[in-house]
Structure formats: C-alpha cells, structure tokens
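> Here you go, this is entry35.pdb (PDB, C-alpha atoms).
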```pdb
ATOM      1  CA  ALA A   1     -11.685  -0.806  22.974
ATOM      2  CA  LEU A   2      -9.076  -0.871  20.253
ATOM      3  CA  GLU A   3      -5.879   0.906  21.314
ATOM      4  CA  ASP A   4      -3.218  -0.223  18.813
ATOM      5  CA  PHE A   5      -3.513  -1.116  15.134
ATOM      6  CA  VAL A   6      -0.487  -2.696  13.416
ATOM      7  CA  LEU A   7      -0.367  -2.935   9.633
ATOM      8  CA  ILE A   8       2.181  -5.204   7.970
ATOM      9  CA  ALA A   9       2.987  -4.354   4.333
ATOM     10  CA  GLY A  10      -0.428  -2.814   3.746
ATOM     11  CA  PRO A  11      -1.066  -1.059   0.409
ATOM     12  CA  ASN A  12      -2.840   1.836   2.126
ATOM     13  CA  HIS A  13      -2.529   4.130  -0.881
ATOM     14  CA  GLY A  14      -2.667   1.550  -3.654
ATOM     15  CA  THR A  15       0.285   0.137  -5.500
ATOM     16  CA  THR A  16       2.105   0.790  -8.742
ATOM     17  CA  VAL A  17       2.134  -2.976  -9.291
ATOM     18  CA  ALA A  18      -1.460  -2.393 -10.458
ATOM     19  CA  PHE A  19      -0.035  -0.231 -13.264
ATOM     20  CA  PRO A  20      -0.821  -2.845 -15.968
ATOM     21  CA  ALA A  21      -4.532  -2.324 -15.242
ATOM     22  CA  ASP A  22      -4.102   1.456 -15.544
ATOM     23  CA  LEU A  23      -2.081   1.125 -18.738
ATOM     24  CA  LEU A  24      -4.473  -1.344 -20.369
ATOM     25  CA  GLY A  25      -7.463   0.770 -19.296
ATOM     26  CA  SER A  26      -5.937   3.855 -20.939
ATOM     27  CA  LEU A  27      -5.200   1.879 -24.095
ATOM     28  CA  PHE A  28      -8.790   0.628 -24.292
ATOM     29  CA  GLU A  29     -10.108   4.190 -23.830
ATOM     30  CA  THR A  30      -7.729   5.565 -26.476
ATOM     31  CA  LEU A  31      -8.905   2.918 -28.938
ATOM     32  CA  GLY A  32     -12.515   3.828 -28.173
ATOM     33  CA  LEU A  33     -13.234   0.416 -26.698
ATOM     34  CA  GLY A  34     -14.674   1.654 -23.405
ATOM     35  CA  GLY A  35     -13.444   0.207 -20.137
ATOM     36  CA  LEU A  36     -11.066  -2.632 -19.577
ATOM     37  CA  PRO A  37     -12.968  -5.942 -19.787
ATOM     38  CA  VAL A  38     -13.758  -7.472 -16.432
ATOM     39  CA  GLY A  39     -11.882 -10.702 -15.822
ATOM     40  CA  LEU A  40      -8.888  -9.818 -17.985
ATOM     41  CA  LEU A  41      -6.817  -9.320 -14.811
ATOM     42  CA  PRO A  42      -7.495 -10.442 -11.213
ATOM     43  CA  GLU A  43      -9.975  -8.119  -9.461
ATOM     44  CA  SER A  44      -7.456  -7.109  -6.796
ATOM     45  CA  ILE A  45      -5.279  -5.547  -9.506
ATOM     46  CA  TYR A  46      -8.090  -3.101 -10.299
ATOM     47  CA  GLN A  47      -8.986  -2.474  -6.648
ATOM     48  CA  PHE A  48      -5.450  -1.643  -5.517
ATOM     49  CA  ALA A  49      -4.489   0.612  -8.423
ATOM     50  CA  ARG A  50      -3.434   4.031  -7.143
ATOM     51  CA  GLY A  51      -6.409   6.364  -7.467
ATOM     52  CA  SER A  52      -8.925   3.525  -7.898
ATOM     53  CA  ASP A  53     -12.404   3.987  -6.437
ATOM     54  CA  PHE A  54     -11.552   1.495  -3.670
ATOM     55  CA  VAL A  55      -8.299   3.210  -2.647
ATOM     56  CA  THR A  56      -9.934   6.650  -2.865
ATOM     57  CA  ALA A  57     -12.800   5.527  -0.597
ATOM     58  CA  LEU A  58     -10.356   3.839   1.787
ATOM     59  CA  ASN A  59      -8.467   7.102   2.298
ATOM     60  CA  ALA A  60     -11.414   9.501   2.257
ATOM     61  CA  GLY A  61     -11.530  11.666   5.342
ATOM     62  CA  ASP A  62      -9.362  10.876   8.344
ATOM     63  CA  GLU A  63      -6.766   8.162   7.612
ATOM     64  CA  THR A  64      -6.248   7.538  11.312
ATOM     65  CA  PRO A  65      -9.627   7.852  13.025
ATOM     66  CA  GLY A  66     -10.200   7.546  16.722
ATOM     67  CA  ASP A  67      -7.871   7.505  19.672
ATOM     68  CA  ILE A  68      -5.819   4.630  18.263
ATOM     69  CA  ASP A  69      -2.065   4.253  17.777
ATOM     70  CA  TYR A  70      -1.174   3.118  14.248
ATOM     71  CA  THR A  71       2.043   1.288  13.368
ATOM     72  CA  ASN A  72       2.880   0.542   9.718
ATOM     73  CA  LEU A  73       5.708  -1.876   8.997
ATOM     74  CA  TYR A  74       6.989  -2.035   5.437
ATOM     75  CA  THR A  75      10.087  -3.069   3.506
ATOM     76  CA  VAL A  76      12.026  -1.681   0.571
ATOM     77  CA  PHE A  77      12.145  -5.197  -0.913
ATOM     78  CA  ASP A  78       8.357  -5.627  -1.109
ATOM     79  CA  GLU A  79       7.552  -6.793  -4.621
ATOM     80  CA  LEU A  80       3.845  -5.895  -4.295
ATOM     81  CA  VAL A  81       3.455  -2.802  -2.110
ATOM     82  CA  GLN A  82       5.215  -0.130  -4.175
ATOM     83  CA  PRO A  83       6.448   2.571  -4.237
ATOM     84  CA  VAL A  84       8.491   2.793  -1.048
ATOM     85  CA  SER A  85       9.824   6.260  -1.881
ATOM     86  CA  PRO A  86       9.546   9.170  -2.050
ATOM     87  CA  VAL A  87       6.161   8.638  -0.365
ATOM     88  CA  PRO A  88       5.607   5.061   0.800
ATOM     89  CA  THR A  89       2.241   3.678  -0.259
ATOM     90  CA  ALA A  90       2.174   1.662   2.981
ATOM     91  CA  ALA A  91       2.344   4.793   5.147
ATOM     92  CA  LEU A  92      -0.514   6.609   6.845
ATOM     93  CA  ASP A  93      -0.415  10.387   7.333
ATOM     94  CA  PHE A  94       3.103  10.362   5.867
ATOM     95  CA  GLY A  95       5.087  13.490   6.756
ATOM     96  CA  LYS A  96       2.296  14.916   8.920
ATOM     97  CA  ASP A  97       4.010  14.343  12.286
ATOM     98  CA  ASN A  98       0.915  12.614  13.627
ATOM     99  CA  PRO A  99       1.874  11.455  17.162
ATOM    100  CA  GLN A 100      -0.475   8.467  16.818
ATOM    101  CA  VAL A 101       1.310   7.104  13.732
ATOM    102  CA  ALA A 102       4.614   5.237  13.360
ATOM    103  CA  ASN A 103       5.592   4.449   9.756
ATOM    104  CA  ILE A 104       8.548   2.077  10.051
ATOM    105  CA  LEU A 105      10.682   1.062   7.080
ATOM    106  CA  LEU A 106      12.421  -2.102   8.311
ATOM    107  CA  GLN A 107      15.670  -1.206   6.534
ATOM    108  CA  ASP A 108      15.842   2.026   8.563
ATOM    109  CA  VAL A 109      15.931  -0.121  11.709
ATOM    110  CA  CYS A 110      17.953  -3.048  10.301
ATOM    111  CA  PRO A 111      19.982  -1.927   7.254
ATOM    112  CA  GLY A 112      20.489  -4.689   4.707
ATOM    113  CA  HIS A 113      17.576  -6.755   6.019
ATOM    114  CA  LEU A 114      16.121  -8.710   3.071
ATOM    115  CA  THR A 115      12.503  -9.194   4.167
ATOM    116  CA  GLU A 116       9.962  -8.925   1.329
ATOM    117  CA  HIS A 117       6.153  -9.072   1.111
ATOM    118  CA  ILE A 118       5.600 -12.719   2.057
ATOM    119  CA  THR A 119       8.263 -13.069   4.754
ATOM    120  CA  ILE A 120       7.498  -9.758   6.507
ATOM    121  CA  GLY A 121       4.371 -11.242   8.034
ATOM    122  CA  THR A 122       5.033 -14.950   8.077
ATOM    123  CA  THR A 123       8.608 -16.102   8.718
ATOM    124  CA  ASP A 124      10.620 -12.966   9.491
ATOM    125  CA  PRO A 125      11.464 -12.742  13.188
TER     126      PRO A 125
END
```
Could you spell out this file's structure in structure tokens?

Amino acid sequence: ALEDFVLIAGPNHGTTVAFPADLLGSLFETLGLGGLPVGLLPESIYQFARGSDFVTALNAGDETPGDIDYTNLYTVFDELVQPVSPVPTAALDFGKDNPQVANILLQDVCPGHLTEHITIGTTDP
C-alpha cells in the first residue's frame, strides 16, 4: 500500500506561466473569434492554466485522499511553477494544518539556495 507521496515542483493548482493562453483566449473572445485556436501554443500551456478544466478536475474533492503522507517540495526560483506566494501553486491543502501534508519551500530550509525547476529534481543534492 502507498504510504508516502513526494511531489517535486508539481503545479498542483496550475501556473501563472500559462497566462499567455488565458490572455490570448480572452482577446479572441473579446474580438468575437470564439476560442483560442488549438495548436497555437503547446497543449500543456492550456492544461496547466489556473482554473483550466484539467486543474479544476485535478483538485476536485479531497486534495489528499487516503491514509497517505504528502510531501511537496518547491522553490522560489522555479521559472515554471508560479506563483510561490502568497499561496504556492505547488502546495496541497495550503494553510489547512493537515497533519498528512508537508509543503516545504526549499529556501525556508536553506536560505539563498538557488535550485530552480530543472535542478530541483535532477542535479540538486
């Protein structure tokens, strides 16, 4: 049985980096052109936009189901998983004092540490 689940720089609540898709979509709607054409941007940009159907479905119901301990590691220098504050998009049950969840900003543990999205899960010790 699964006991521990560790997420490294996961965009659990979408990312503002997907903002160009939101902005372009709004522009197309304002101009009466319908939805943003498929293929204009990579599909992941649409899927990880905050409030997208994918992100909404991902977080529907219990964010931390089962009797599992969740650990989320994230970094202030992540160029993809944003925002980090005031509510980090990488966090689960943020501010809910869930005893099964540890949301860990690496710079809280190691101030000045320069890990970003790629190195957090590949080369950073």
> Set the distance at 12 Å and use all atoms listed in the file: which residues neighbour Phe5 (chain A) once local chain neighbours fewer than 6 positions away are removed? I'd like the list as a PDB file with C-alpha atoms, keeping the file's coordinate frame.

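Produced file part03.pdb, reproduced below:
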```pdb
ATOM      1  CA  THR A  64      -6.248   7.538  11.312  1.00  0.00           C
ATOM      2  CA  PRO A  65      -9.627   7.852  13.025  1.00  0.00           C
ATOM      3  CA  GLY A  66     -10.200   7.546  16.722  1.00  0.00           C
ATOM      4  CA  ASP A  67      -7.871   7.505  19.672  1.00  0.00           C
ATOM      5  CA  ILE A  68      -5.819   4.630  18.263  1.00  0.00           C
ATOM      6  CA  ASP A  69      -2.065   4.253  17.777  1.00  0.00           C
ATOM      7  CA  TYR A  70      -1.174   3.118  14.248  1.00  0.00           C
ATOM      8  CA  THR A  71       2.043   1.288  13.368  1.00  0.00           C
ATOM      9  CA  ASN A  72       2.880   0.542   9.718  1.00  0.00           C
ATOM     10  CA  LEU A  73       5.708  -1.876   8.997  1.00  0.00           C
ATOM     11  CA  LEU A  92      -0.514   6.609   6.845  1.00  0.00           C
ATOM     12  CA  GLN A 100      -0.475   8.467  16.818  1.00  0.00           C
ATOM     13  CA  VAL A 101       1.310   7.104  13.732  1.00  0.00           C
ATOM     14  CA  ALA A 102       4.614   5.237  13.360  1.00  0.00           C
ATOM     15  CA  ASN A 103       5.592   4.449   9.756  1.00  0.00           C
TER      16      ASN A 103
END
```
> Give the answer as one residue: which of A:Asp78, A:Thr15, A:Gly61, A:Leu105 has the shortest atom-to-atom distance to Ala49 (chain A), using all atoms listed in the file?
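Residue with the minimum atom-to-atom distance to Ala49 (chain A): A:Thr15.
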> Quick one: which residues end up in the PyMOL selection byres ((chain A and resi 124) around 12) for this structure, as a PyMOL selection string?
chain A and resi 8+75+106+113-123+125
> Restricting the output to C-alpha atoms, write the selected residues as a PDB file, in the frame of the given file.

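selection-v1.pdb, freshly written:
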```pdb
ATOM      1  CA  ILE A   8       2.181  -5.204   7.970  1.00  0.00           C
ATOM      2  CA  THR A  75      10.087  -3.069   3.506  1.00  0.00           C
ATOM      3  CA  LEU A 106      12.421  -2.102   8.311  1.00  0.00           C
ATOM      4  CA  HIS A 113      17.576  -6.755   6.019  1.00  0.00           C
ATOM      5  CA  LEU A 114      16.121  -8.710   3.071  1.00  0.00           C
ATOM      6  CA  THR A 115      12.503  -9.194   4.167  1.00  0.00           C
ATOM      7  CA  GLU A 116       9.962  -8.925   1.329  1.00  0.00           C
ATOM      8  CA  HIS A 117       6.153  -9.072   1.111  1.00  0.00           C
ATOM      9  CA  ILE A 118       5.600 -12.719   2.057  1.00  0.00           C
ATOM     10  CA  THR A 119       8.263 -13.069   4.754  1.00  0.00           C
ATOM     11  CA  ILE A 120       7.498  -9.758   6.507  1.00  0.00           C
ATOM     12  CA  GLY A 121       4.371 -11.242   8.034  1.00  0.00           C
ATOM     13  CA  THR A 122       5.033 -14.950   8.077  1.00  0.00           C
ATOM     14  CA  THR A 123       8.608 -16.102   8.718  1.00  0.00           C
ATOM     15  CA  PRO A 125      11.464 -12.742  13.188  1.00  0.00           C
TER      16      PRO A 125
END
```
> So that I can check the surroundings of Val81 (chain A), please list as a PyMOL selection string every protein, DNA and RNA residue that reaches within 9 Å of it, counting all atoms listed in the file and ignoring chain neighbours fewer than 2 positions away.
chain A and resi 9-12+14-17+74-75+78-79+83-84+88-90+117
> Kindly save the residues from that selection, with C-alpha atoms included, as a PDB file, keeping the file's coordinate frame.

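Output below, filename again-v6.pdb:
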```
ATOM      1  CA  ALA A   9       2.987  -4.354   4.333  1.00  0.00           C
ATOM      2  CA  GLY A  10      -0.428  -2.814   3.746  1.00  0.00           C
ATOM      3  CA  PRO A  11      -1.066  -1.059   0.409  1.00  0.00           C
ATOM      4  CA  ASN A  12      -2.840   1.836   2.126  1.00  0.00           C
ATOM      5  CA  GLY A  14      -2.667   1.550  -3.654  1.00  0.00           C
ATOM      6  CA  THR A  15       0.285   0.137  -5.500  1.00  0.00           C
ATOM      7  CA  THR A  16       2.105   0.790  -8.742  1.00  0.00           C
ATOM      8  CA  VAL A  17       2.134  -2.976  -9.291  1.00  0.00           C
ATOM      9  CA  TYR A  74       6.989  -2.035   5.437  1.00  0.00           C
ATOM     10  CA  THR A  75      10.087  -3.069   3.506  1.00  0.00           C
ATOM     11  CA  ASP A  78       8.357  -5.627  -1.109  1.00  0.00           C
ATOM     12  CA  GLU A  79       7.552  -6.793  -4.621  1.00  0.00           C
ATOM     13  CA  PRO A  83       6.448   2.571  -4.237  1.00  0.00           C
ATOM     14  CA  VAL A  84       8.491   2.793  -1.048  1.00  0.00           C
ATOM     15  CA  PRO A  88       5.607   5.061   0.800  1.00  0.00           C
ATOM     16  CA  THR A  89       2.241   3.678  -0.259  1.00  0.00           C
ATOM     17  CA  ALA A  90       2.174   1.662   2.981  1.00  0.00           C
ATOM     18  CA  HIS A 117       6.153  -9.072   1.111  1.00  0.00           C
TER      19      HIS A 117
END
```
> Tell me which of A:Ile104, A:Ala1, A:Ala60, A:Ile45 sits closest to Leu80 (chain A), counting all atoms listed in the file.
A:Ile45
> So how many Å separate CA of His13 (chain A) and CA of Arg50 (chain A), to one decimal?
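So the answer is 6.3 Å.
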> What does the distance from CA of Ala91 (chain A) to CA of Leu7 (chain A) come to in Å, to one decimal?
9.3 Å
> Using all atoms listed in the file, can you tell me which of A:Val87, A:Lys96, A:Val76, A:Asp4 comes closest to Val109 (chain A)?
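Counting all atoms listed in the file, the residue closest to Val109 (chain A) is A:Val76.
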> What does the distance from CA of Gln82 (chain A) to CA of Phe48 (chain A) come to in Å, to one decimal?
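Straight-line distance from CA of Gln82 (chain A) to CA of Phe48 (chain A) works out to 10.9 Å.
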> What box, with edges along x, y and z, holds each listed atom of region 75-92 of chain A when 3 Å is added on every side, and can you state its centre and edge lengths in Å to one decimal, as JSON?

```
{"center_x": 5.8, "center_y": 1.2, "center_z": 1.1, "size_x": 18.7, "size_y": 22.0, "size_z": 17.5}
```
